[in-house]
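**Student:** I am attaching a structure below and will ask some questions about it afterwards.
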Amino acid sequence: MSTSTISKESSQAPIQAPENTHASRLRRDRRHGWGFMAPFLAFFAVFLIWPLIYGVYMSFTGKSLTGANGSFVGFANYVEALGDADMWHSMGNTLYFTVISTVPLVVVALAMAALVNMGLPAQWLWRLSFFAPYLLASTVVSLFFVWMYNPQLGLINELLGKVGIAPVDWLNNPEVAMWSIVIATLWWTVGFNFLLYLAAMQNIPQSHYEAAQLDGAGGWRQFFSITLPQINPTTIMIVILQVLASLKVFDQVYQMTAGGPAGSTRSVVQYIFETGFTGYRLGYSAAISYIFFAIIVVVSISQFVLTRKRSA
């Protein structure tokens, strides 16, 4: 067979379509993606999804910490919880703490960020000083303020005595105990909100302030007409995060007052803890947990809707 004949036959042979490399690459990427996600999904399912499902089931049983009486009781736990005066009292304490702590944690953080953003000298020192307490553990902060609030040896009462004010029993007086915890919480956590506000302020274009200066606007006018509107989304985010964090308060309350005096500072999370691990009623404490969870969901959705309407 001649060379020309071979070339003709090869030219007439059908050309085989190449493999769809894009589709195969896409399938390979998906397999790799699921492979990377698998460890997280496993931990997510074991430590979040399963406890959530099991907690719902347990709330419909009379399960005890000892393992006894795990029989199905229906909605009996929920009915009992809705009529539990102690639960509603602890819920009221939690809402009270949320209201009186959220406002200063937002306003003080805003003032701190505005002062640093003005261009104070040694800004790194101001940032470190304002944010450093947030890095401390709750036990360290609680122990520190327990000593500060000590009626006989505490620094606060000593300073009050120098200006002629009688000593205050900060953590044992029902009228001031919650405020004492709020002050400690403010000192401890305001640094996080401060950093969020400072980052938002530093992202505002300087040209806005320069144009306002040319129009004769002073510092206060610039703050209320430029700074506050520009950081409004950050304010909404901080308020939402702060409300959710305050509703879940437990650590500093339990460590500073253990819910006292006379239950005046006991939060609903502490009541759930005491019901389940001191009263051994796991089923009942689970029911209270999901009632509280439902309240948090309602508050979150309401807050989101209200803030969205205001920003619209």
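Residue names in the structure tokens use chain letters A, B, ... in the order shown, residue numbers from 1 in each chain, and ligand numbers from 1 in the order shown.
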Taking 5 positions as the minimum chain separation for residues in the same chain, which residues sit within 8 Å of segment 278-281 of chain A when counting only C-alpha atoms? Answer as a VMD selection string.
**Tutor:** chain A and resid 62 to 66 273
**Student:** Could you build a table of the residues in segment 133-156 of chain A lying no more than 12 Å from segment 120-128 of chain A, giving for each the nearest pair of atoms and their separation in Å rounded to one decimal place, using only C-alpha atoms, ordered by chain and ascending residue number, as a Markdown table?
**Tutor:**
| residue | atom | partner | partner_atom | distance |
| --- | --- | --- | --- | --- |
| A:Pro133 | CA | A:Leu128 | CA | 9.0 |
| A:Tyr134 | CA | A:Leu128 | CA | 10.2 |
| A:Leu135 | CA | A:Leu128 | CA | 10.5 |
**Student:** Please determine, counting only C-alpha atoms, which residue among A:Ser138, A:Ser302, A:Gln222, A:Gln255 has the shortest atom-to-atom distance to Ile240 of chain A.
**Tutor:**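 Checking each of A:Ser138, A:Ser302, A:Gln222, A:Gln255 against Ile240 of chain A, counting only C-alpha atoms, the winner is A:Ser302.
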**Student:** Taking only C-alpha atoms into account, name the residue in A:Thr189, A:Asn203, A:Ser180, A:Ser300 that is nearest to Ala132 of chain A.
**Tutor:**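 Of A:Thr189, A:Asn203, A:Ser180, A:Ser300, the one nearest Ala132 of chain A is A:Thr189, counting only C-alpha atoms.
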**Student:** Which is closer to Leu241 of chain A than all the others in A:Ala113, A:Ile296, A:Met118, A:Ile204, using only C-alpha atoms?
**Tutor:** A:Ile296
**Student:** For a quick check of understanding, using only C-alpha atoms, which of A:Phe47, A:Ala137, A:Asn93, A:Glu80 has the smallest distance to Ser59 of chain A?
**Tutor:**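 Checking each candidate against Ser59 of chain A, we get A:Glu80 as the closest.
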**Student:** At a cut-off of 12 Å, using only C-alpha atoms, what residues contact segment 143-153 of chain A? Leave out same-chain residues fewer than 4 positions from it and give the result as number ranges by chain.
**Tutor:** A: 133, 136-139, 157-161, 166-173, 176-177, 179-188, 251-258
**Student:** Show me, as a count of residues only, the residues that have an atom within 12 Å of Gly283 of chain A when counting only C-alpha atoms, minus same-chain residues fewer than 4 positions from it.
**Tutor:** 37
**Student:** When distances are computed from only C-alpha atoms, which of A:Val269, A:Met178, A:Leu195, A:Ile226 shows the smallest separation from Tyr209 of chain A?
**Tutor:**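 The shortest atom-to-atom distance to Tyr209 of chain A comes from A:Ile226.
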**Student:** Using DSSP on the backbone coordinates, identify all residues within segment 135-272 of chain A classified as alpha helix (DSSP H); present the result as a CSV table (one decimal) with N, CA and C atoms, in the first residue's frame.
**Tutor:**
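Done, and the output landed in states30.csv:
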chain,number,residue,atom,x,y,z
A,138,SER,N,-13.0,34.8,82.0
A,138,SER,CA,-14.1,35.3,82.8
A,138,SER,C,-13.8,35.1,84.3
A,139,THR,N,-13.1,34.0,84.7
A,139,THR,CA,-12.8,33.8,86.1
A,139,THR,C,-11.8,34.9,86.6
A,140,VAL,N,-10.9,35.3,85.7
A,140,VAL,CA,-9.9,36.4,86.2
A,140,VAL,C,-10.7,37.7,86.4
A,141,VAL,N,-11.5,38.0,85.5
A,141,VAL,CA,-12.3,39.3,85.6
A,141,VAL,C,-13.2,39.2,86.8
A,142,SER,N,-13.9,38.1,87.0
A,142,SER,CA,-14.8,37.9,88.2
A,142,SER,C,-14.0,38.0,89.5
A,143,LEU,N,-12.9,37.3,89.6
A,143,LEU,CA,-12.1,37.4,90.9
A,143,LEU,C,-11.6,38.8,91.1
A,144,PHE,N,-11.2,39.5,90.1
A,144,PHE,CA,-10.7,40.8,90.2
A,144,PHE,C,-11.7,41.8,90.7
A,145,PHE,N,-13.0,41.7,90.2
A,145,PHE,CA,-14.0,42.6,90.7
A,145,PHE,C,-14.6,42.2,92.0
A,146,VAL,N,-14.5,40.9,92.3
A,146,VAL,CA,-15.0,40.5,93.7
A,146,VAL,C,-14.1,41.1,94.7
A,147,TRP,N,-12.8,41.2,94.5
A,147,TRP,CA,-11.9,41.9,95.4
A,147,TRP,C,-12.1,43.4,95.4
A,148,MET,N,-12.4,44.0,94.2
A,148,MET,CA,-12.6,45.4,94.1
A,148,MET,C,-13.9,45.8,94.8
A,155,LEU,N,-11.1,48.3,96.8
A,155,LEU,CA,-10.6,49.6,96.4
A,155,LEU,C,-11.7,50.6,96.2
A,156,ILE,N,-12.8,50.2,95.7
A,156,ILE,CA,-13.9,51.1,95.3
A,156,ILE,C,-14.5,51.7,96.6
A,157,ASN,N,-14.7,50.9,97.6
A,157,ASN,CA,-15.3,51.5,98.8
A,157,ASN,C,-14.2,52.4,99.5
A,158,GLU,N,-13.0,52.1,99.4
A,158,GLU,CA,-11.9,52.9,99.9
A,158,GLU,C,-11.9,54.3,99.3
A,159,LEU,N,-12.1,54.3,98.0
A,159,LEU,CA,-12.1,55.6,97.3
A,159,LEU,C,-13.4,56.4,97.6
A,160,LEU,N,-14.5,55.6,97.8
A,160,LEU,CA,-15.7,56.3,98.2
A,160,LEU,C,-15.6,56.9,99.6
A,161,GLY,N,-14.9,56.2,100.5
A,161,GLY,CA,-14.8,56.7,101.8
A,161,GLY,C,-14.0,58.0,101.9
A,162,LYS,N,-13.0,58.1,100.9
A,162,LYS,CA,-12.2,59.4,100.9
A,162,LYS,C,-13.0,60.6,100.5
A,177,ALA,N,-26.6,44.8,93.1
A,177,ALA,CA,-25.8,43.7,92.7
A,177,ALA,C,-25.8,43.5,91.2
A,178,MET,N,-26.9,43.7,90.5
A,178,MET,CA,-26.9,43.6,89.1
A,178,MET,C,-26.1,44.7,88.4
A,179,TRP,N,-26.2,45.9,88.9
A,179,TRP,CA,-25.4,47.0,88.4
A,179,TRP,C,-23.9,46.7,88.5
A,180,SER,N,-23.6,46.1,89.6
A,180,SER,CA,-22.1,45.7,89.8
A,180,SER,C,-21.7,44.8,88.8
A,181,ILE,N,-22.5,43.8,88.4
A,181,ILE,CA,-22.1,42.9,87.4
A,181,ILE,C,-22.1,43.6,86.0
A,182,VAL,N,-23.0,44.5,85.8
A,182,VAL,CA,-22.9,45.3,84.5
A,182,VAL,C,-21.7,46.1,84.4
A,183,ILE,N,-21.2,46.7,85.5
A,183,ILE,CA,-20.0,47.5,85.4
A,183,ILE,C,-18.8,46.6,85.1
A,184,ALA,N,-18.7,45.4,85.7
A,184,ALA,CA,-17.7,44.4,85.5
A,184,ALA,C,-17.7,44.0,84.0
A,185,THR,N,-18.9,43.7,83.5
A,185,THR,CA,-19.1,43.3,82.1
A,185,THR,C,-18.7,44.4,81.1
A,186,LEU,N,-19.0,45.6,81.5
A,186,LEU,CA,-18.7,46.7,80.6
A,186,LEU,C,-17.1,46.8,80.5
A,187,TRP,N,-16.5,46.8,81.6
A,187,TRP,CA,-15.0,46.9,81.6
A,187,TRP,C,-14.4,45.7,80.9
A,188,TRP,N,-15.0,44.6,80.9
A,188,TRP,CA,-14.4,43.4,80.4
A,188,TRP,C,-14.6,43.3,78.9
A,189,THR,N,-15.8,43.6,78.4
A,189,THR,CA,-16.2,43.3,77.0
A,189,THR,C,-16.3,44.5,76.0
A,190,VAL,N,-16.2,45.7,76.6
A,190,VAL,CA,-16.4,46.9,75.7
A,190,VAL,C,-15.4,47.0,74.6
A,191,GLY,N,-14.2,46.4,74.9
A,191,GLY,CA,-13.1,46.5,73.9
A,191,GLY,C,-13.4,45.9,72.5
A,192,PHE,N,-14.2,44.8,72.5
A,192,PHE,CA,-14.6,44.2,71.2
A,192,PHE,C,-15.5,45.2,70.4
A,193,ASN,N,-16.5,45.8,71.0
A,193,ASN,CA,-17.3,46.7,70.3
A,193,ASN,C,-16.5,48.0,69.9
A,194,PHE,N,-15.5,48.3,70.7
A,194,PHE,CA,-14.6,49.5,70.4
A,194,PHE,C,-13.9,49.2,69.1
A,195,LEU,N,-13.3,48.0,68.9
A,195,LEU,CA,-12.6,47.7,67.7
A,195,LEU,C,-13.5,47.7,66.5
A,196,LEU,N,-14.7,47.2,66.6
A,196,LEU,CA,-15.6,47.2,65.5
A,196,LEU,C,-15.9,48.6,65.1
A,197,TYR,N,-16.2,49.5,66.0
A,197,TYR,CA,-16.5,50.9,65.7
A,197,TYR,C,-15.3,51.6,65.1
A,198,LEU,N,-14.1,51.4,65.7
A,198,LEU,CA,-12.9,52.0,65.2
A,198,LEU,C,-12.6,51.6,63.7
A,199,ALA,N,-12.8,50.3,63.4
A,199,ALA,CA,-12.6,49.9,62.1
A,199,ALA,C,-13.6,50.5,61.1
A,200,ALA,N,-14.8,50.7,61.5
A,200,ALA,CA,-15.8,51.3,60.7
A,200,ALA,C,-15.5,52.8,60.5
A,201,MET,N,-15.1,53.5,61.5
A,201,MET,CA,-14.7,54.9,61.4
A,201,MET,C,-13.5,55.1,60.5
A,202,GLN,N,-12.6,54.2,60.5
A,202,GLN,CA,-11.4,54.4,59.7
A,202,GLN,C,-11.6,54.1,58.3
A,206,GLN,N,-11.8,60.1,53.9
A,206,GLN,CA,-11.4,61.4,54.5
A,206,GLN,C,-12.0,62.6,53.7
A,207,SER,N,-12.3,62.4,52.4
A,207,SER,CA,-12.8,63.4,51.6
A,207,SER,C,-14.1,64.0,52.1
A,208,HIS,N,-14.9,63.1,52.8
A,208,HIS,CA,-16.2,63.6,53.3
A,208,HIS,C,-16.0,64.7,54.4
A,209,TYR,N,-15.0,64.4,55.2
A,209,TYR,CA,-14.7,65.4,56.3
A,209,TYR,C,-14.1,66.7,55.7
A,210,GLU,N,-13.3,66.5,54.7
A,210,GLU,CA,-12.7,67.7,54.1
A,210,GLU,C,-13.7,68.6,53.4
A,211,ALA,N,-14.7,67.9,52.7
A,211,ALA,CA,-15.8,68.7,52.1
A,211,ALA,C,-16.6,69.4,53.2
A,212,ALA,N,-16.9,68.7,54.3
A,212,ALA,CA,-17.6,69.3,55.4
A,212,ALA,C,-16.9,70.5,56.0
A,213,GLN,N,-15.6,70.4,56.1
A,213,GLN,CA,-14.8,71.6,56.7
A,213,GLN,C,-14.9,72.8,55.7
A,214,LEU,N,-14.9,72.5,54.4
A,214,LEU,CA,-15.0,73.6,53.5
A,214,LEU,C,-16.4,74.3,53.6
A,219,GLY,N,-16.6,70.1,64.4
A,219,GLY,CA,-16.4,68.7,64.8
A,219,GLY,C,-17.7,67.9,65.1
A,220,TRP,N,-18.5,68.5,65.9
A,220,TRP,CA,-19.8,67.9,66.3
A,220,TRP,C,-20.7,67.7,65.1
A,221,ARG,N,-20.8,68.7,64.3
A,221,ARG,CA,-21.6,68.5,63.1
A,221,ARG,C,-21.1,67.4,62.2
A,222,GLN,N,-19.8,67.3,62.0
A,222,GLN,CA,-19.2,66.2,61.2
A,222,GLN,C,-19.5,64.9,61.9
A,228,LEU,N,-21.8,59.2,62.3
A,228,LEU,CA,-22.9,58.3,62.7
A,228,LEU,C,-23.7,57.7,61.6
A,229,PRO,N,-24.1,58.4,60.5
A,229,PRO,CA,-24.7,57.7,59.4
A,229,PRO,C,-23.9,56.7,58.7
A,230,GLN,N,-22.6,57.0,58.6
A,230,GLN,CA,-21.7,56.0,57.9
A,230,GLN,C,-21.5,54.7,58.7
A,232,ASN,N,-23.7,53.4,60.7
A,232,ASN,CA,-25.0,52.9,61.1
A,232,ASN,C,-25.1,51.4,61.0
A,233,PRO,N,-24.6,50.8,59.9
A,233,PRO,CA,-24.7,49.3,59.8
A,233,PRO,C,-23.8,48.6,60.9
A,234,THR,N,-22.7,49.2,61.2
A,234,THR,CA,-21.9,48.6,62.3
A,234,THR,C,-22.7,48.7,63.6
A,235,THR,N,-23.4,49.8,63.9
A,235,THR,CA,-24.1,50.0,65.1
A,235,THR,C,-25.2,48.9,65.2
A,236,ILE,N,-25.9,48.7,64.1
A,236,ILE,CA,-27.0,47.6,64.0
A,236,ILE,C,-26.4,46.3,64.4
A,237,MET,N,-25.2,46.0,63.8
A,237,MET,CA,-24.6,44.7,64.0
A,237,MET,C,-24.2,44.6,65.5
A,238,ILE,N,-23.6,45.6,66.1
A,238,ILE,CA,-23.1,45.6,67.4
A,238,ILE,C,-24.3,45.4,68.4
A,239,VAL,N,-25.4,46.1,68.1
A,239,VAL,CA,-26.6,46.0,69.0
A,239,VAL,C,-27.1,44.5,69.0
A,240,ILE,N,-27.2,44.0,67.8
A,240,ILE,CA,-27.7,42.6,67.7
A,240,ILE,C,-26.8,41.6,68.4
A,241,LEU,N,-25.5,41.7,68.2
A,241,LEU,CA,-24.6,40.8,68.8
A,241,LEU,C,-24.6,41.0,70.3
A,242,GLN,N,-24.7,42.2,70.8
A,242,GLN,CA,-24.7,42.5,72.2
A,242,GLN,C,-25.9,42.0,72.9
A,243,VAL,N,-27.1,42.2,72.3
A,243,VAL,CA,-28.3,41.6,72.9
A,243,VAL,C,-28.3,40.1,73.0
A,244,LEU,N,-27.8,39.5,71.9
A,244,LEU,CA,-27.7,38.0,72.0
A,244,LEU,C,-26.7,37.5,73.0
A,245,ALA,N,-25.6,38.2,73.2
A,245,ALA,CA,-24.6,37.9,74.2
A,245,ALA,C,-25.1,38.1,75.6
A,246,SER,N,-25.8,39.2,75.8
A,246,SER,CA,-26.3,39.5,77.1
A,246,SER,C,-27.4,38.6,77.5
A,247,LEU,N,-28.2,38.1,76.6
A,247,LEU,CA,-29.3,37.1,76.9
A,247,LEU,C,-28.7,35.8,77.4
A,251,ASP,N,-21.4,33.3,83.0
A,251,ASP,CA,-20.1,33.1,83.6
A,251,ASP,C,-19.9,34.1,84.8
A,252,GLN,N,-19.9,35.4,84.5
A,252,GLN,CA,-19.6,36.4,85.5
A,252,GLN,C,-20.6,36.4,86.6
A,253,VAL,N,-21.9,36.2,86.3
A,253,VAL,CA,-22.9,36.2,87.3
A,253,VAL,C,-22.7,35.0,88.3
A,254,TYR,N,-22.5,33.8,87.7
A,254,TYR,CA,-22.3,32.7,88.6
A,254,TYR,C,-21.1,32.8,89.4
A,255,GLN,N,-20.0,33.4,88.9
A,255,GLN,CA,-18.7,33.4,89.6
A,255,GLN,C,-18.7,34.6,90.6
A,256,MET,N,-19.5,35.6,90.4
A,256,MET,CA,-19.4,36.8,91.3
A,256,MET,C,-20.5,36.7,92.4
A,268,VAL,N,-31.4,33.1,83.4
A,268,VAL,CA,-32.1,31.9,83.0
A,268,VAL,C,-31.2,30.8,82.7
A,269,VAL,N,-30.0,31.1,82.1
A,269,VAL,CA,-29.0,30.0,81.8
A,269,VAL,C,-28.6,29.4,83.1
A,270,GLN,N,-28.4,30.1,84.2
A,270,GLN,CA,-28.0,29.6,85.5
A,270,GLN,C,-29.1,28.7,86.0
A,271,TYR,N,-30.4,29.1,85.8
A,271,TYR,CA,-31.5,28.4,86.3
A,271,TYR,C,-31.6,27.0,85.6
A,272,ILE,N,-31.3,27.1,84.3
A,272,ILE,CA,-31.3,25.8,83.5
A,272,ILE,C,-30.2,24.9,84.0
**Student:** Which residue out of A:Ser90, A:Thr98, A:Ser225, A:Thr21 has the minimum interatomic distance to Val299 of chain A when only C-alpha atoms are used?
**Tutor:**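 Once distances to Val299 of chain A are computed over only C-alpha atoms, the minimum belongs to A:Thr98.
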